[in-house]
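Text of the file coords12.txt, holding compact mmCIF, C-alpha atoms:
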```txt
# COMPACT_ATOMS: atom_id res chain seq x y z
CA MET I 1 -59.70 -31.91 -5.40
CA GLU I 2 -57.68 -33.35 -2.55
CA LEU I 3 -54.15 -31.97 -2.20
CA SER I 4 -52.86 -35.57 -2.20
CA ASN I 5 -53.57 -35.87 -5.94
CA ILE I 6 -50.59 -33.69 -6.83
CA ILE I 7 -47.95 -36.29 -5.93
CA GLY I 8 -47.91 -40.09 -6.08
CA LYS I 9 -45.43 -42.82 -5.24
CA ASN I 10 -42.06 -43.36 -6.92
CA GLU I 11 -41.36 -39.65 -7.01
CA ILE I 12 -38.41 -37.59 -5.78
CA ILE I 13 -39.83 -34.19 -4.89
CA THR I 14 -37.82 -31.05 -4.15
CA VAL I 15 -39.88 -28.19 -2.73
CA VAL I 16 -38.70 -24.59 -3.16
CA GLY I 17 -40.02 -21.08 -2.61
CA ALA I 18 -41.66 -19.50 0.43
CA GLY I 19 -44.96 -19.48 2.25
CA GLY I 20 -45.67 -23.16 2.81
CA LYS I 21 -42.74 -25.44 1.89
CA THR I 22 -42.53 -27.21 5.23
CA SER I 23 -46.31 -27.52 5.52
CA PHE I 24 -46.47 -29.01 2.02
CA ILE I 25 -43.80 -31.59 2.81
CA ASN I 26 -45.33 -32.46 6.19
CA TYR I 27 -48.75 -32.93 4.61
CA PHE I 28 -47.44 -35.52 2.16
CA ALA I 29 -45.29 -37.22 4.79
CA ASP I 30 -48.39 -37.64 6.97
CA PHE I 31 -50.57 -38.71 4.05
CA TYR I 32 -48.23 -41.48 2.94
CA ARG I 33 -46.76 -42.56 6.28
CA CYS I 34 -49.05 -45.62 6.63
CA LYS I 35 -48.88 -46.53 2.94
CA LEU I 36 -45.30 -46.03 1.81
CA ARG I 37 -41.67 -45.80 2.86
CA VAL I 38 -41.21 -42.01 3.04
CA LEU I 39 -37.88 -40.17 3.18
CA LEU I 40 -38.02 -36.61 4.49
CA THR I 41 -34.78 -34.68 4.13
CA THR I 42 -33.22 -31.40 3.06
CA THR I 43 -30.40 -30.05 0.94
CA THR I 44 -30.27 -26.93 3.15
CA LYS I 45 -31.56 -26.80 6.76
CA ILE I 46 -34.92 -27.62 8.34
CA TYR I 47 -36.23 -27.73 11.88
CA VAL I 48 -36.58 -31.23 13.27
CA PRO I 49 -40.12 -32.39 12.35
CA ASP I 50 -42.62 -33.22 15.08
CA ASN I 51 -43.75 -36.57 13.73
CA TYR I 52 -41.64 -39.40 12.28
CA GLU I 53 -40.90 -43.10 12.76
CA ASN I 54 -37.12 -43.00 12.24
CA ILE I 55 -34.44 -40.34 12.38
CA ILE I 56 -30.96 -40.97 11.03
CA MET I 57 -27.95 -38.66 10.99
CA THR I 58 -25.11 -39.56 8.64
CA ILE I 59 -22.23 -37.57 10.13
CA ASP I 60 -20.85 -40.77 11.64
CA GLY I 61 -21.23 -42.72 8.41
CA THR I 62 -24.37 -44.54 9.53
CA VAL I 63 -25.66 -46.95 6.91
CA ILE I 64 -29.37 -46.60 6.22
CA PRO I 65 -31.03 -49.84 7.40
CA SER I 66 -33.96 -51.62 5.75
CA ILE I 67 -36.95 -49.32 6.13
CA CYS I 68 -40.58 -50.30 6.71
CA HIS I 69 -43.58 -48.07 6.07
CA GLY I 70 -43.44 -44.72 7.81
CA VAL I 71 -41.46 -41.48 7.72
CA THR I 72 -37.69 -41.55 7.98
CA VAL I 73 -36.02 -38.18 8.60
CA CYS I 74 -32.43 -38.00 7.42
CA GLY I 75 -29.72 -35.34 7.63
CA SER I 76 -26.04 -34.83 8.36
CA TYR I 77 -26.49 -33.68 11.96
CA ILE I 78 -28.67 -31.48 14.17
CA ASN I 79 -27.14 -28.08 14.91
CA ASN I 80 -27.52 -25.85 17.96
CA GLU I 81 -30.69 -24.25 16.50
CA ASN I 82 -32.37 -27.66 16.48
CA LYS I 83 -32.11 -27.66 12.69
CA ILE I 84 -31.24 -30.67 10.60
CA VAL I 85 -28.32 -29.86 8.31
CA GLY I 86 -28.80 -31.35 4.87
CA ILE I 87 -27.03 -34.24 3.24
CA ASP I 88 -25.15 -33.95 -0.02
CA SER I 89 -26.18 -35.57 -3.27
CA SER I 90 -23.69 -38.45 -3.05
CA ILE I 91 -25.38 -39.72 0.13
CA LEU I 92 -28.84 -39.20 -1.34
CA ASP I 93 -27.74 -41.23 -4.37
CA GLU I 94 -27.03 -44.17 -2.07
CA ILE I 95 -30.35 -44.15 -0.20
CA VAL I 96 -33.20 -42.88 -2.39
CA ASP I 97 -33.86 -46.35 -3.84
CA LYS I 98 -34.77 -47.60 -0.35
CA PHE I 99 -37.88 -45.40 -0.31
CA ASP I 100 -41.17 -45.18 -2.21
CA ILE I 101 -41.34 -41.39 -2.09
CA VAL I 102 -38.66 -38.80 -1.29
CA LEU I 103 -39.56 -35.32 0.00
CA ILE I 104 -36.75 -32.76 0.01
CA GLU I 105 -36.84 -29.18 1.25
CA GLY I 106 -34.42 -27.39 -1.05
CA ASP I 107 -34.82 -23.75 -0.09
CA GLY I 108 -34.83 -21.45 2.93
CA SER I 109 -36.83 -18.25 3.42
CA LYS I 110 -36.44 -17.35 7.13
CA LYS I 111 -40.22 -17.87 7.56
CA LYS I 112 -40.94 -14.93 5.25
CA ARG I 113 -43.58 -15.01 2.52
CA LEU I 114 -41.29 -14.00 -0.37
CA LYS I 115 -37.59 -14.16 -1.12
CA GLY I 116 -34.83 -13.52 -3.61
CA TRP I 117 -32.34 -16.25 -4.50
CA ASN I 118 -28.58 -16.01 -4.24
CA ASP I 119 -26.14 -17.86 -6.51
CA ASN I 120 -26.32 -21.10 -4.54
CA GLU I 121 -30.09 -21.28 -4.14
CA PRO I 122 -32.25 -23.25 -4.35
CA VAL I 123 -30.38 -26.54 -3.90
CA VAL I 124 -32.26 -29.02 -6.07
CA TYR I 125 -31.20 -32.67 -5.96
CA HIS I 126 -30.16 -33.82 -9.44
CA LYS I 127 -32.46 -36.89 -9.47
CA THR I 128 -35.52 -34.84 -8.61
CA THR I 129 -38.53 -35.91 -10.69
CA LYS I 130 -40.71 -32.92 -9.76
CA THR I 131 -39.68 -29.49 -8.52
CA VAL I 132 -42.59 -27.93 -6.62
CA GLY I 133 -42.49 -24.15 -6.31
CA ILE I 134 -44.61 -22.68 -3.51
CA LEU I 135 -45.97 -19.16 -3.93
CA ASP I 136 -47.95 -17.46 -1.17
CA ILE I 137 -50.84 -15.50 -2.72
CA THR I 138 -51.33 -13.54 0.52
CA SER I 139 -48.06 -11.77 -0.25
CA PHE I 140 -50.05 -9.71 -2.78
CA GLY I 141 -50.30 -6.15 -1.44
CA MET I 142 -47.56 -6.73 1.13
CA ASN I 143 -45.01 -3.96 1.70
CA ILE I 144 -41.74 -4.55 -0.13
CA ASN I 145 -39.23 -4.32 2.69
CA GLU I 146 -36.68 -6.28 4.70
CA GLU I 147 -39.24 -7.28 7.30
CA ASN I 148 -41.38 -9.14 4.78
CA ILE I 149 -38.95 -10.38 2.14
CA HIS I 150 -35.85 -12.54 2.53
CA ARG I 151 -32.86 -11.28 0.49
CA LEU I 152 -34.71 -8.11 -0.47
CA ASP I 153 -32.15 -6.70 -2.96
CA LEU I 154 -32.10 -9.98 -4.90
CA PHE I 155 -35.89 -10.08 -4.90
CA LYS I 156 -35.98 -6.58 -6.42
CA LYS I 157 -33.65 -7.65 -9.23
CA ILE I 158 -35.75 -10.72 -10.01
CA VAL I 159 -39.00 -8.73 -10.22
CA ASN I 160 -37.35 -5.86 -12.15
CA LEU I 161 -37.73 -3.23 -9.46
CA ASP I 162 -35.32 -0.34 -9.20
CA THR I 163 -33.30 -1.20 -6.08
CA TYR I 164 -32.65 2.42 -5.19
CA ASN I 165 -35.97 4.09 -5.97
CA THR I 166 -38.35 1.58 -4.38
CA ASN I 167 -39.77 3.24 -1.27
CA ASN I 168 -41.32 1.80 1.88
CA ASP I 169 -44.82 2.32 0.49
CA SER I 170 -44.23 0.03 -2.50
CA THR I 171 -46.30 -3.15 -2.38
CA VAL I 172 -46.21 -6.53 -4.10
CA ASN I 173 -48.36 -6.71 -7.24
CA LEU I 174 -49.31 -9.52 -9.61
CA GLU I 175 -46.59 -8.55 -12.09
CA ASN I 176 -44.01 -9.03 -9.31
CA LEU I 177 -45.43 -12.48 -8.53
CA LYS I 178 -45.42 -13.41 -12.21
CA ASN I 179 -41.77 -12.40 -12.47
CA ILE I 180 -40.89 -14.55 -9.45
CA VAL I 181 -42.30 -17.57 -11.27
CA LEU I 182 -40.95 -16.89 -14.76
CA ASN I 183 -37.59 -15.19 -14.18
CA PRO I 184 -34.76 -17.70 -14.83
CA ASN I 185 -33.21 -16.59 -11.52
CA GLY I 186 -36.48 -16.91 -9.64
CA LEU I 187 -38.61 -19.69 -8.19
CA PHE I 188 -37.59 -22.43 -10.62
CA LYS I 189 -33.92 -21.63 -10.88
CA ASN I 190 -31.93 -24.91 -10.79
CA TYR I 191 -35.11 -26.98 -11.19
CA CYS I 192 -34.98 -30.65 -12.23
CA GLY I 193 -37.73 -32.82 -13.67
CA GLU I 194 -41.24 -31.44 -14.08
CA LYS I 195 -42.12 -27.97 -12.82
CA ILE I 196 -45.16 -27.67 -10.57
CA LEU I 197 -46.35 -24.30 -9.30
CA PHE I 198 -48.54 -24.40 -6.19
CA ILE I 199 -50.19 -21.10 -5.28
CA ASN I 200 -50.88 -21.46 -1.58
CA LYS I 201 -53.32 -19.85 0.90
CA VAL I 202 -56.14 -19.45 -1.59
CA GLU I 203 -58.80 -19.62 1.10
CA ASP I 204 -61.43 -17.09 0.04
CA GLU I 205 -62.91 -15.54 -3.10
CA LYS I 206 -60.55 -12.56 -3.04
CA TYR I 207 -57.47 -14.74 -3.24
CA LYS I 208 -59.10 -17.16 -5.68
CA LYS I 209 -59.69 -14.29 -8.13
CA LEU I 210 -56.12 -13.07 -7.66
CA ALA I 211 -54.71 -16.57 -8.16
CA ILE I 212 -56.67 -17.11 -11.39
CA GLU I 213 -55.62 -13.70 -12.72
CA LEU I 214 -51.99 -14.50 -11.91
CA ILE I 215 -52.20 -17.92 -13.57
CA LYS I 216 -53.67 -16.46 -16.77
CA SER I 217 -50.79 -13.99 -16.90
CA ILE I 218 -48.23 -16.78 -16.37
CA LYS I 219 -49.89 -18.94 -19.05
CA GLU I 220 -49.40 -16.17 -21.61
CA ASP I 221 -45.68 -16.93 -21.43
CA LYS I 222 -46.28 -20.53 -22.67
CA SER I 223 -43.98 -21.80 -19.94
CA LYS I 224 -44.21 -25.55 -19.44
CA MET I 225 -45.41 -26.21 -15.92
CA GLU I 226 -48.38 -27.65 -14.10
CA ILE I 227 -50.19 -25.05 -12.01
CA PHE I 228 -52.37 -25.65 -8.97
CA TYR I 229 -53.94 -23.25 -6.53
CA GLY I 230 -55.43 -24.05 -3.16
CA SER I 231 -54.65 -24.35 0.52
CA ILE I 232 -52.20 -26.66 2.24
CA LYS I 233 -53.91 -25.85 5.54
CA GLN I 234 -57.33 -26.82 4.18
CA LYS I 235 -55.92 -29.77 2.17
CA PHE I 236 -57.45 -28.94 -1.19
CA CYS I 237 -56.29 -27.72 -4.56
CA THR I 238 -57.50 -27.01 -8.08
CA ARG I 239 -55.55 -27.71 -11.25
CA TYR I 240 -55.79 -24.82 -13.68
```

Starting from the file, lay out its structure as structure tokens.
Amino acid sequence: MELSNIIGKNEIITVVGAGGKTSFINYFADFYRCKLRVLLTTTTKIYVPDNYENIIMTIDGTVIPSICHGVTVCGSYINNENKIVGIDSSILDEIVDKFDIVLIEGDGSKKKRLKGWNDNEPVVYHKTTKTVGILDITSFGMNINEENIHRLDLFKKIVNLDTYNTNNDSTVNLENLKNIVLNPNGLFKNYCGEKILFINKVEDEKYKKLAIELIKSIKEDKSKMEIFYGSIKQKFCTRY
């Protein structure tokens, strides 16, 4: 089915994880821009998006004006890396009612496909109605090292790997990916509202089989979450 079916109007969505967060948010911003009043923001830091109708920084106490259809990007300020620095929850509380859908990036991964989470991550807005966790299936088989994984030592703890004995030849397996999803300190740590797992980059039969095998393993835990697999790039998904 179309990726757009995952999220409708009157939702506050916080997206966490690695391997497609920004693409996921940008897809929905583009999909709804002509239909709804869309707020695109962050509780951490994001690069300034390429496409929007309004951009508002609140460092000077700017009041959010009446908003028409389109995408409004909001943050505290833009830093010297051309990143928007997020706004805190008190400001979000004042403005979310002005929009039909709110898209929040609540996690950072340094453009790596997997990560571990420190004590303050992810930053999920307390009025979030759906927390969407992105998991990159192409990380299966990837070497477990600093080059590939953000906050490597924390990742190893979450997936129950021995921090000291893991060597450079160790690779990511399905049990590791399952642990990322189900560990209380993993993907859905600090979640609010409904949990939605999106397994991204399922773009051929190999990764489809892996995704289905992973989902079956996750389902054994009886954890309450909706699970989809598909491709943000190709704009499709399947509910399992």

>> When you look at Ser76 of chain I with a cut-off of 12 Å (counting all atoms listed in the file), what residues show up, excluding the ones that are within fewer than 5 positions of it in the same chain? I need them as JSON, numbers by chain.
In response: {"I": [41, 42, 43, 44, 45, 46, 55, 56, 57, 58, 59, 60, 61, 62, 83, 84, 85, 86, 87, 88, 89, 91, 92]}

> What does the distance between atom CA of Arg113 of chain I and atom CA of Lys235 of chain I come to in Å, to one decimal place?
Replying inline: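 Computing the Euclidean distance for atom CA of Arg113 of chain I and atom CA of Lys235 of chain I yields 19.2 Å.
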
> What's the 8 Å shell around Ile144 of chain I, counting all atoms listed in the file, without same-chain residues fewer than 6 positions away, as a list of chain:residue names?
Replying inline: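 The residues satisfying every condition are I:Leu152, I:Asn168, I:Asp169, I:Ser170, I:Thr171, I:Val172.
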
>> Just the number, please: distance in Å from atom CA of Met142 of chain I to atom CA of Gly116 of chain I, one decimal.
In response: 15.2 Å

> If you measure from atom CA of Thr72 of chain I to atom CA of Glu194 of chain I, what distance in Å do you get, rounded to one decimal?
Replying inline: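 Going from atom CA of Thr72 of chain I over to atom CA of Glu194 of chain I, I get 24.5 Å.
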
Once N, CA and C atoms are restored for segment 179-196 of chain I, what would the output be as a compact mmCIF listing (two decimals), keeping the file's coordinate frame?
```
# COMPACT_ATOMS: atom_id res chain seq x y z
N ASN I 179 -43.21 -12.41 -12.23
CA ASN I 179 -41.77 -12.40 -12.47
C ASN I 179 -41.03 -13.40 -11.58
N ILE I 180 -41.50 -13.56 -10.34
CA ILE I 180 -40.89 -14.55 -9.45
C ILE I 180 -40.96 -15.93 -10.07
N VAL I 181 -42.10 -16.24 -10.69
CA VAL I 181 -42.30 -17.57 -11.27
C VAL I 181 -41.51 -17.75 -12.56
N LEU I 182 -41.48 -16.73 -13.41
CA LEU I 182 -40.95 -16.89 -14.76
C LEU I 182 -39.49 -16.47 -14.93
N ASN I 183 -38.98 -15.61 -14.05
CA ASN I 183 -37.59 -15.19 -14.18
C ASN I 183 -36.66 -16.39 -14.03
N PRO I 184 -35.68 -16.57 -14.93
CA PRO I 184 -34.76 -17.70 -14.83
C PRO I 184 -33.99 -17.76 -13.51
N ASN I 185 -33.88 -16.63 -12.82
CA ASN I 185 -33.21 -16.59 -11.52
C ASN I 185 -34.20 -16.60 -10.36
N GLY I 186 -35.44 -16.94 -10.64
CA GLY I 186 -36.48 -16.91 -9.64
C GLY I 186 -36.82 -18.28 -9.08
N LEU I 187 -38.11 -18.53 -8.92
CA LEU I 187 -38.61 -19.69 -8.19
C LEU I 187 -38.09 -21.01 -8.73
N PHE I 188 -37.98 -21.14 -10.04
CA PHE I 188 -37.59 -22.43 -10.62
C PHE I 188 -36.14 -22.46 -11.10
N LYS I 189 -35.34 -21.55 -10.58
CA LYS I 189 -33.92 -21.63 -10.88
C LYS I 189 -33.37 -22.97 -10.37
N ASN I 190 -32.57 -23.63 -11.16
CA ASN I 190 -31.93 -24.91 -10.79
C ASN I 190 -32.92 -26.08 -10.74
N TYR I 191 -34.12 -25.91 -11.28
CA TYR I 191 -35.11 -26.98 -11.19
C TYR I 191 -34.64 -28.24 -11.93
N CYS I 192 -35.18 -29.39 -11.51
CA CYS I 192 -34.98 -30.65 -12.23
C CYS I 192 -36.34 -31.32 -12.40
N GLY I 193 -36.49 -32.11 -13.45
CA GLY I 193 -37.73 -32.82 -13.67
C GLY I 193 -38.85 -31.88 -14.09
N GLU I 194 -40.08 -32.26 -13.76
CA GLU I 194 -41.24 -31.44 -14.08
C GLU I 194 -41.31 -30.24 -13.13
N LYS I 195 -41.86 -29.15 -13.66
CA LYS I 195 -42.12 -27.97 -12.82
C LYS I 195 -43.58 -27.95 -12.40
N ILE I 196 -43.80 -27.81 -11.09
CA ILE I 196 -45.16 -27.67 -10.57
C ILE I 196 -45.22 -26.41 -9.73
```
